[in-house]
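Data from coords-v3.csv: CSV, C-alpha atoms and all ligand atoms
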```
chain,number,residue,atom,x,y,z
A,1,MET,CA,7.8,3.6,-29.9
A,2,PRO,CA,6.2,7.0,-29.5
A,3,ARG,CA,3.4,8.2,-31.7
A,4,ASP,CA,1.2,11.2,-31.6
A,5,TYR,CA,-2.3,9.9,-31.1
A,6,SER,CA,-5.7,11.4,-31.3
A,7,ALA,CA,-7.2,10.2,-28.0
A,8,ARG,CA,-10.9,10.2,-27.1
A,9,LEU,CA,-11.7,10.6,-23.4
A,10,VAL,CA,-13.9,7.6,-22.4
A,11,PHE,CA,-13.8,7.9,-18.6
A,12,ASN,CA,-13.3,10.8,-16.1
A,13,GLU,CA,-13.9,10.3,-12.4
A,14,CYS,CA,-12.7,12.1,-9.3
A,15,ILE,CA,-11.0,9.6,-7.1
A,16,ALA,CA,-9.7,11.8,-4.3
A,17,GLU,CA,-9.5,15.6,-3.5
A,18,ASP,CA,-8.2,17.3,-6.7
A,19,ILE,CA,-7.3,13.9,-8.3
A,20,VAL,CA,-9.0,12.5,-11.3
A,21,GLU,CA,-8.7,9.2,-13.2
A,22,LEU,CA,-8.8,9.8,-16.9
A,23,CYS,CA,-9.0,7.0,-19.5
A,24,PHE,CA,-8.5,7.7,-23.2
A,25,GLU,CA,-9.1,5.5,-26.2
A,26,LEU,CA,-6.1,5.9,-28.6
A,27,THR,CA,-7.6,6.3,-32.1
A,28,GLU,CA,-5.6,7.4,-35.1
A,29,ALA,CA,-1.9,7.9,-34.8
A,30,GLU,CA,0.0,10.5,-36.8
A,31,PRO,CA,3.7,10.4,-37.4
A,32,TRP,CA,5.1,12.7,-34.8
A,33,GLY,CA,6.0,16.2,-36.1
A,34,SER,CA,4.0,15.7,-39.3
A,35,ALA,CA,2.2,18.6,-41.0
A,36,PRO,CA,-0.9,19.8,-39.3
A,37,ASN,CA,-4.1,17.9,-40.2
A,38,PRO,CA,-6.2,20.5,-42.2
A,39,ALA,CA,-9.3,19.0,-40.6
A,40,ARG,CA,-8.3,20.1,-37.1
A,41,GLY,CA,-6.5,23.3,-38.2
A,42,PRO,CA,-3.0,24.4,-37.2
A,43,SER,CA,-2.1,23.8,-33.6
A,44,PRO,CA,0.2,26.3,-31.8
A,45,LEU,CA,2.2,23.2,-30.8
A,46,ASP,CA,3.0,22.0,-34.3
A,47,PRO,CA,5.8,24.5,-35.0
A,48,PHE,CA,7.4,23.8,-31.7
A,49,TYR,CA,7.5,20.0,-32.2
A,50,LYS,CA,8.6,20.4,-35.8
A,51,LYS,CA,11.5,22.5,-34.6
A,52,ILE,CA,12.5,19.8,-32.1
A,53,LYS,CA,12.3,17.2,-34.9
A,54,ARG,CA,14.8,19.2,-36.9
A,55,VAL,CA,17.1,19.6,-33.9
A,56,GLN,CA,17.1,15.9,-33.2
A,57,GLY,CA,17.4,14.8,-36.8
A,58,ALA,CA,15.0,12.3,-38.3
A,59,CYS,CA,17.2,9.3,-37.6
A,60,SER,CA,17.0,9.8,-33.9
A,61,LEU,CA,13.2,9.9,-33.8
A,62,PRO,CA,12.4,6.6,-32.2
A,63,GLY,CA,9.5,4.7,-33.6
A,64,PHE,CA,8.8,6.8,-36.6
A,65,GLY,CA,6.4,4.7,-38.7
A,66,ALA,CA,6.7,1.7,-36.4
A,67,GLU,CA,3.8,-0.4,-35.3
A,68,PRO,CA,2.0,0.9,-32.2
A,69,GLN,CA,3.1,-0.9,-29.2
A,70,GLY,CA,1.8,-1.1,-25.6
A,71,PRO,CA,3.5,1.2,-23.1
A,72,ASN,CA,5.5,-0.4,-20.2
A,73,PRO,CA,5.1,0.6,-16.5
A,74,GLY,CA,7.3,3.6,-15.7
A,75,GLN,CA,6.9,5.2,-19.1
A,76,PHE,CA,4.9,8.4,-19.5
A,77,ALA,CA,2.9,10.3,-22.0
A,78,HIS,CA,2.9,14.0,-23.1
A,79,LEU,CA,-0.7,15.3,-23.1
A,80,ALA,CA,-1.8,18.3,-25.0
A,81,ALA,CA,-3.8,20.0,-22.3
A,82,PRO,CA,-6.2,22.7,-23.5
A,83,GLY,CA,-5.2,26.3,-22.9
A,84,VAL,CA,-1.5,25.8,-22.2
A,85,PHE,CA,1.4,26.0,-24.7
A,86,LEU,CA,3.5,23.0,-23.7
A,87,ARG,CA,2.3,19.5,-23.3
A,88,ARG,CA,2.1,18.1,-19.8
A,89,PRO,CA,3.9,14.8,-18.8
A,90,VAL,CA,1.8,12.2,-17.0
A,91,SER,CA,2.8,8.7,-16.0
A,92,ILE,CA,0.9,5.8,-17.6
A,93,ALA,CA,-1.2,4.3,-14.9
A,94,GLY,CA,-2.6,1.4,-16.9
A,95,PHE,CA,-3.1,0.2,-20.5
A,96,ARG,CA,-5.7,-2.1,-22.1
A,97,GLN,CA,-4.2,-3.5,-25.2
A,98,ASP,CA,-7.5,-5.1,-26.4
A,99,GLU,CA,-9.3,-1.8,-26.4
A,100,ASN,CA,-6.3,0.5,-26.9
A,101,ILE,CA,-7.2,2.4,-23.7
A,102,VAL,CA,-4.6,4.2,-21.7
A,103,ARG,CA,-5.2,5.3,-18.1
A,104,PHE,CA,-3.8,8.3,-16.2
A,105,ILE,CA,-4.2,9.5,-12.7
A,106,VAL,CA,-3.9,13.3,-12.6
A,107,GLY,CA,-3.5,15.6,-9.7
A,108,ILE,CA,-4.8,19.1,-10.3
A,109,ALA,CA,-1.6,21.3,-9.9
A,110,GLY,CA,-2.2,24.3,-12.2
A,111,GLU,CA,-4.0,25.4,-15.4
A,112,GLY,CA,-2.9,22.5,-17.6
A,113,THR,CA,-4.1,19.7,-15.3
A,114,ARG,CA,-7.2,21.6,-14.3
A,115,ASN,CA,-8.2,21.9,-18.0
A,116,LEU,CA,-7.4,18.2,-18.5
A,117,ALA,CA,-9.6,17.3,-15.6
A,118,ALA,CA,-12.4,19.4,-17.0
A,119,LYS,CA,-12.5,17.4,-20.3
A,120,ARG,CA,-15.7,15.4,-20.8
A,121,PRO,CA,-16.1,11.9,-22.3
A,122,GLY,CA,-16.2,12.1,-26.1
A,123,GLU,CA,-13.8,15.0,-26.3
A,124,THR,CA,-10.4,14.4,-27.9
A,125,ILE,CA,-6.9,15.6,-27.2
A,126,LYS,CA,-3.5,14.8,-28.7
A,127,ILE,CA,-1.3,12.4,-26.7
A,128,LEU,CA,2.3,11.5,-27.5
A,129,LEU,CA,3.3,8.1,-26.1
A,130,PRO,CA,5.0,6.0,-24.9
A,131,LEU,CA,8.0,8.2,-23.7
A,132,GLY,CA,10.9,7.5,-21.5
A,133,ASN,CA,12.4,4.3,-20.1
A,134,PRO,CA,10.3,1.9,-18.1
A,135,PHE,CA,11.1,0.2,-14.8
A,136,PRO,CA,13.6,-2.6,-15.5
A,137,SER,CA,12.1,-6.0,-16.2
A,138,ILE,CA,12.7,-8.5,-13.5
A,139,PRO,CA,12.9,-12.2,-13.9
A,140,SER,CA,9.9,-14.0,-12.4
A,141,GLY,CA,10.0,-15.5,-8.9
A,142,ARG,CA,11.6,-12.5,-7.2
A,143,ASN,CA,10.6,-10.5,-4.2
A,144,ILE,CA,9.7,-7.0,-5.2
A,145,TRP,CA,8.7,-4.1,-3.0
A,146,LEU,CA,7.0,-1.0,-4.4
A,147,VAL,CA,7.2,2.3,-2.4
A,148,SER,CA,5.0,5.2,-3.3
A,149,GLY,CA,4.1,8.6,-2.0
A,150,GLY,CA,1.0,10.6,-3.0
A,151,LEU,CA,0.5,10.7,-6.8
A,152,GLY,CA,3.6,8.5,-7.2
A,153,VAL,CA,1.3,5.5,-6.8
A,154,ALA,CA,0.0,6.1,-10.3
A,155,PRO,CA,2.8,4.4,-12.3
A,156,LEU,CA,3.2,1.8,-9.5
A,157,LEU,CA,-0.4,0.6,-9.9
A,158,TYR,CA,0.4,-0.3,-13.5
A,159,LEU,CA,3.7,-1.9,-12.4
A,160,ALA,CA,1.9,-3.9,-9.7
A,161,LYS,CA,-0.6,-5.2,-12.2
A,162,THR,CA,2.2,-6.5,-14.5
A,163,LEU,CA,4.3,-8.0,-11.6
A,164,SER,CA,1.4,-9.5,-9.6
A,165,GLY,CA,1.4,-12.7,-11.7
A,166,THR,CA,5.2,-13.2,-11.9
A,167,ALA,CA,6.7,-11.9,-8.6
A,168,ARG,CA,7.1,-14.5,-5.8
A,169,GLU,CA,6.3,-11.8,-3.2
A,170,LEU,CA,4.9,-8.4,-4.1
A,171,ARG,CA,4.7,-5.9,-1.3
A,172,ALA,CA,3.5,-2.3,-1.7
A,173,PHE,CA,4.1,0.6,0.8
A,174,MET,CA,1.8,3.5,0.1
A,175,GLY,CA,2.2,6.9,1.9
A,176,PHE,CA,-0.2,9.8,1.7
A,177,SER,CA,-0.1,13.2,3.5
A,178,ASP,CA,-3.8,13.1,4.5
A,179,GLU,CA,-7.0,11.1,4.2
A,180,ARG,CA,-8.4,13.4,1.4
A,181,SER,CA,-5.6,12.5,-1.0
A,182,VAL,CA,-5.8,8.7,-0.5
A,183,PHE,CA,-6.5,6.7,-3.7
A,184,GLY,CA,-5.7,3.3,-5.3
A,185,VAL,CA,-5.5,1.5,-2.0
A,186,GLU,CA,-8.1,-1.3,-2.7
A,187,GLU,CA,-6.6,-1.8,-6.2
A,188,MET,CA,-3.1,-2.1,-4.7
A,189,ARG,CA,-4.3,-4.4,-1.9
A,190,GLU,CA,-5.8,-6.8,-4.5
A,191,LEU,CA,-2.4,-7.0,-6.3
A,192,SER,CA,0.0,-7.1,-3.4
A,193,GLU,CA,0.6,-7.3,0.3
A,194,MET,CA,-0.1,-3.7,1.1
A,195,THR,CA,1.0,-1.3,3.9
A,196,LEU,CA,-0.6,2.1,4.2
A,197,ASP,CA,0.6,5.2,6.0
A,198,VAL,CA,-1.4,8.4,6.2
A,199,GLY,CA,0.2,11.5,7.7
A,200,GLY,CA,3.5,9.9,8.7
A,201,PHE,CA,6.6,8.7,6.9
A,202,ILE,CA,6.1,5.6,4.8
A,203,THR,CA,9.9,5.1,4.8
A,204,ASP,CA,9.7,4.3,8.5
A,205,LYS,CA,7.4,1.3,7.6
A,206,VAL,CA,9.9,0.2,4.8
A,207,SER,CA,12.8,0.5,7.3
A,208,GLY,CA,10.9,-1.6,9.8
A,209,ALA,CA,10.1,-4.3,7.3
A,210,LEU,CA,13.7,-4.5,6.1
A,211,ALA,CA,14.7,-5.5,9.6
A,212,SER,CA,13.3,-9.0,8.9
A,213,ALA,CA,13.2,-9.3,5.1
A,214,ARG,CA,15.2,-8.5,2.1
A,215,PRO,CA,13.6,-7.8,-1.3
A,216,ASP,CA,15.5,-8.4,-4.6
A,217,ALA,CA,14.6,-4.9,-5.7
A,218,VAL,CA,12.6,-1.9,-4.7
A,219,PHE,CA,10.8,0.4,-7.1
A,220,SER,CA,9.7,3.8,-6.1
A,221,CYS,CA,7.9,7.0,-7.2
A,222,GLY,CA,6.9,9.9,-5.1
A,223,PRO,CA,8.2,13.1,-3.5
A,224,LEU,CA,12.0,13.6,-3.6
A,225,PRO,CA,12.4,13.7,0.2
A,226,MET,CA,10.7,10.3,0.4
A,227,MET,CA,12.9,8.8,-2.3
A,228,GLY,CA,16.0,10.4,-0.8
A,229,ALA,CA,15.3,8.8,2.5
A,230,LEU,CA,14.6,5.5,0.8
A,231,LYS,CA,17.8,5.7,-1.1
A,232,LYS,CA,19.8,5.8,2.2
A,233,ILE,CA,17.7,3.0,3.7
A,234,CYS,CA,18.2,0.7,0.7
A,235,ALA,CA,21.9,1.6,0.3
A,236,ALA,CA,22.6,0.7,3.9
A,237,ARG,CA,21.2,-2.8,3.3
A,238,GLY,CA,22.5,-3.3,-0.2
A,239,VAL,CA,19.1,-3.5,-1.8
A,240,PRO,CA,18.8,-2.3,-5.4
A,241,LEU,CA,16.5,0.7,-5.7
A,242,TYR,CA,15.0,2.1,-8.9
A,243,VAL,CA,13.3,5.5,-8.7
A,244,SER,CA,11.0,7.3,-11.1
A,245,LEU,CA,11.8,11.1,-11.1
A,246,GLU,CA,9.7,14.1,-12.1
A,247,GLU,CA,11.0,17.4,-13.4
A,248,ARG,CA,9.3,20.2,-15.2
A,249,MET,CA,9.5,19.4,-18.9
A,250,GLY,CA,9.6,21.2,-22.2
A,251,CYS,CA,9.8,18.9,-25.2
A,252,GLY,CA,9.6,15.6,-23.4
A,253,VAL,CA,11.8,13.9,-26.0
A,254,GLY,CA,15.4,14.8,-25.1
A,255,ALA,CA,16.0,18.0,-27.1
A,256,CYS,CA,15.7,21.0,-24.8
A,257,LEU,CA,17.4,20.0,-21.5
A,258,VAL,CA,14.6,21.6,-19.4
A,259,CYS,CA,14.3,18.4,-17.4
A,260,ALA,CA,18.0,18.0,-16.5
A,261,CYS,CA,18.6,16.4,-13.1
A,262,ALA,CA,21.9,16.1,-11.2
A,263,ALA,CA,23.6,12.8,-11.9
A,264,ARG,CA,26.8,10.9,-11.6
A,265,GLY,CA,29.1,10.7,-14.6
A,266,ALA,CA,31.0,13.0,-16.8
A,267,ALA,CA,28.1,15.2,-17.9
A,268,GLY,CA,26.9,15.7,-14.3
A,269,TYR,CA,23.3,15.6,-15.4
A,270,LYS,CA,20.7,13.3,-17.0
A,271,ARG,CA,17.6,14.2,-19.0
A,272,VAL,CA,14.6,12.9,-17.0
A,273,CYS,CA,12.5,12.6,-20.2
A,274,ARG,CA,15.0,10.6,-22.3
A,275,ASP,CA,17.5,9.0,-19.9
A,276,GLY,CA,14.7,8.4,-17.3
A,277,PRO,CA,12.2,8.9,-15.8
A,278,VAL,CA,13.2,5.6,-14.2
A,279,PHE,CA,16.8,5.5,-12.9
A,280,ASP,CA,18.9,3.3,-10.8
A,281,ALA,CA,19.0,5.4,-7.6
A,282,GLU,CA,22.8,5.2,-7.6
A,283,GLU,CA,22.9,7.0,-10.9
A,284,VAL,CA,21.2,10.2,-9.8
A,285,VAL,CA,21.4,12.8,-7.0
A,286,ILE,CA,18.2,12.8,-5.0
A,287,SER,CA,17.8,15.8,-2.7
B,1,LIG,C1,7.7,11.9,-16.0
B,1,LIG,C2,6.6,12.6,-15.2
B,1,LIG,C3,5.5,11.9,-14.8
B,1,LIG,C4,4.4,12.5,-14.2
B,1,LIG,N1,3.3,11.8,-13.8
B,1,LIG,C5,2.3,12.4,-13.2
B,1,LIG,C6,1.1,11.7,-12.9
B,1,LIG,O1,1.0,10.5,-13.1
B,1,LIG,N2,0.1,12.4,-12.3
B,1,LIG,C7,0.2,13.7,-12.0
B,1,LIG,O2,-0.8,14.2,-11.5
B,1,LIG,N3,1.3,14.4,-12.3
B,1,LIG,C8,2.3,13.8,-12.9
B,1,LIG,N4,3.5,14.6,-13.2
B,1,LIG,C9,3.5,16.0,-12.9
B,1,LIG,C10,2.7,16.8,-13.9
B,1,LIG,O3,3.4,16.8,-15.2
B,1,LIG,C11,2.6,18.2,-13.5
B,1,LIG,O4,1.7,18.3,-12.3
B,1,LIG,C12,1.9,19.1,-14.5
B,1,LIG,O5,2.7,19.2,-15.6
B,1,LIG,C13,1.5,20.4,-14.0
B,1,LIG,O6,0.9,21.2,-15.1
B,1,LIG,P1,-0.1,22.4,-14.8
B,1,LIG,O7,-0.3,23.2,-16.0
B,1,LIG,O8,-1.4,21.8,-14.1
B,1,LIG,O9,0.6,23.2,-13.6
B,1,LIG,P2,1.7,24.3,-13.8
B,1,LIG,O10,0.9,25.6,-13.7
B,1,LIG,O11,2.6,24.1,-14.9
B,1,LIG,O12,2.4,24.1,-12.4
B,1,LIG,C14,1.7,24.1,-11.1
B,1,LIG,C15,2.7,23.7,-10.0
B,1,LIG,O13,3.1,22.3,-10.3
B,1,LIG,C16,4.6,22.3,-10.3
B,1,LIG,N5,5.0,21.4,-11.4
B,1,LIG,C17,4.7,21.5,-12.7
B,1,LIG,N6,5.3,20.5,-13.4
B,1,LIG,C18,5.9,19.7,-12.5
B,1,LIG,C19,6.7,18.6,-12.6
B,1,LIG,N7,7.0,18.0,-13.8
B,1,LIG,N8,7.2,18.0,-11.5
B,1,LIG,C20,7.0,18.6,-10.3
B,1,LIG,N9,6.3,19.7,-10.2
B,1,LIG,C21,5.7,20.3,-11.2
B,1,LIG,C22,5.0,23.7,-10.6
B,1,LIG,O14,6.3,24.0,-10.1
B,1,LIG,C23,3.9,24.5,-9.9
B,1,LIG,O15,4.2,24.7,-8.5
B,1,LIG,C24,4.5,13.9,-13.9
B,1,LIG,C25,5.6,14.6,-14.3
B,1,LIG,C26,6.7,14.0,-14.9
B,1,LIG,C27,7.9,14.7,-15.3
B,2,LIG,S1,12.0,17.9,-21.6
B,2,LIG,FE1,13.3,18.5,-23.2
B,2,LIG,S2,15.1,17.4,-22.9
B,2,LIG,FE2,13.7,16.6,-21.4
```
Output the structure of this file as structure tokens.
Amino acid sequence: MPRDYSARLVFNECIAEDIVELCFELTEAEPWGSAPNPARGPSPLDPFYKKIKRVQGACSLPGFGAEPQGPNPGQFAHLAAPGVFLRRPVSIAGFRQDENIVRFIVGIAGEGTRNLAAKRPGETIKILLPLGNPFPSIPSGRNIWLVSGGLGVAPLLYLAKTLSGTARELRAFMGFSDERSVFGVEEMRELSEMTLDVGGFITDKVSGALASARPDAVFSCGPLPMMGALKKICAARGVPLYVSLEERMGCGVGACLVCACAARGAAGYKRVCRDGPVFDAEEVVIS
């Protein structure tokens, strides 16, 4: 259930070129869209989110006043990056319930992520979470494959951690464009049987592995061309595939349609923030 947290940065480390791991301790939670706290002064974001709250109607605000709950793998957070107007969506890469610490892996893409990466331990920002739908829960004892490309490994590290104790076989295929952008490999290797590809096509490795094995489900996050190729490979062999999509976002909660992606069905589109970001690959157009 989403809540708007004051989050104190407790860890900031560069883990690859232009990629940082950030861990925040979630402290106080405000009801989302509430009046600005006079102690921190009015934020330029507050009018925007209050407007969305009015558009949505109070009854559709999920989790308002509910108990805080740990996020599930595949869900994301909306981070109030300094210096930019809109919040930035980032996948949840880990969560420690005992200490209320949430982990993100952030690639520096522009001003918002650069300013997030420049934050120092002890500084606070606002974080709205958890948002979106997680990867579907799978009964224990199944064979699960995880396929990631680049920063797409971030949510799959969290997923691997939750599946490692329950899956019969957990295999991870990790693709990176070059050596400088490689991260998370040792962590993933400890959790799964891991295959790494640098500079090639990780989908070739998946295709090869499917010649002699058949997983119960494949979960994927990464660049669209990679997931598009994976969709064809999985469809050809009748393997269920779930993908986590990324689109530019405005509100992050289903009100503005900035994040619409092409999909099957009458509407012809889905909102990545509210209907996803995790979809059955058959539901959406990946190109
Ligand atoms: C559900 C979701 C989960 C995400 N998880 C992660 C994550 O775990 N780690 C991570 O590093 N990034 C993640 N992203 C992408 C991240 O939100 C963008 O990189 C970030 O918003 C860029 O903000 P900026 O101000 O730094 O760059 P901007 O100046 O806003 O943009 C810089 C460049 O990045 C591109 N870009 C911006 N937003 C997106 C987007 N949403 N998708 C694709 N390209 C974009 C722009 O087109 C532009 O070329 C996620 C996005 C979504 C929607
Ligand atoms: S970002 Fe506003 S509807 Fe998805």
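Residues of protein, DNA or RNA having any atom at most 8 Å from ligand LIG 2 (chain B), counting all atoms listed in the file, are Arg248, Met249, Gly250, Cys251, Gly252, Val253, Gly254, Ala255, Cys256, Leu257, Val258, Cys259, Ala260, Arg271, Val272, Cys273 and Arg274 of chain A.
For the atom pair formed by atom CA of Ala235 of chain A and atom CA of Leu146 of chain A, the distance is 15.8 Å, given to one decimal.
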Nearby residues (all atoms listed in the file) at most 10 Å from Leu196 of chain A, same-chain spacing under 6 positions excluded, as a list in words: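 Residues near the query, excluding close chain neighbours: Ser148, Ala172, Phe173, Met174, Gly175, Phe176, Val182, Val185, Arg189, Ile202 and Lys205 of chain A.
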Residues within 7 Å of ligand LIG 1 (chain B), counting all atoms listed in the file, as a PyMOL selection string: chain A and resi 76+84+88-93+104-114+151-152+154-155+245-249+273+277
Within-10 Å shell of (-11.8, 15.7, -16.5) in input frame, all atoms listed in the file, as an NGL selection string: :A and (9 or 11-14 or 19-23 or 106 or 108 or 113-121)
Polymer residues at most 12 Å from Gly238 of chain A, all atoms listed in the file, same-chain spacing of 4 or more positions, as a list in words: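 So the residues in contact are Leu210, Arg214, Pro215, Asp216, Ala217, Val218, Leu230, Lys231, Lys232, Ile233, Cys234, Ala281 and Glu282 of chain A.
As for atom CA of Glu187 of chain A and atom CA of Gly276 of chain A, they are spaced 26.1 Å apart.
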Residue among A:Tyr5, A:Tyr269, A:Phe201, A:Phe279 lying closest to Phe135 of chain A, counting all atoms listed in the file: A:Phe279
Separation of atom CA of Arg171 of chain A from atom CA of Trp145 of chain A in Å: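 That distance, rounded to one decimal, is 4.7 Å.
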A:Thr195, A:Ser287, A:Thr124, A:Ser181 ranked by distance to Asp18 of chain A, top pick (using all atoms listed in the file): A:Ser181
Nearest to Ala16 of chain A, chosen from A:Asp204, A:Leu224, A:Glu283, A:Arg180, with only C-alpha atoms counted in the distances: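 Among the listed residues, the smallest separation from Ala16 of chain A belongs to A:Arg180.
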Residue nearest Leu26 of chain A among A:Gly70, A:Gly208, A:Pro223, A:Gly141 (counting all atoms listed in the file):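 Under the stated criterion, the closest residue is A:Gly70.
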Minimum-distance residue to Met1 of chain A, chosen among A:Gly122, A:Ala267, A:Thr27, A:Leu128 (using all atoms listed in the file):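 The closest residue to Met1 of chain A is A:Leu128.
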Nearest to Gly228 of chain A by atom-to-atom distance, counting all atoms listed in the file, from A:Val284, A:Asp275, A:Asn133, A:Ala77: A:Val284
Near-Ile125 of chain A list (7 Å; all atoms listed in the file; drop same-chain fewer than 4 positions) as a count of residues only: 4
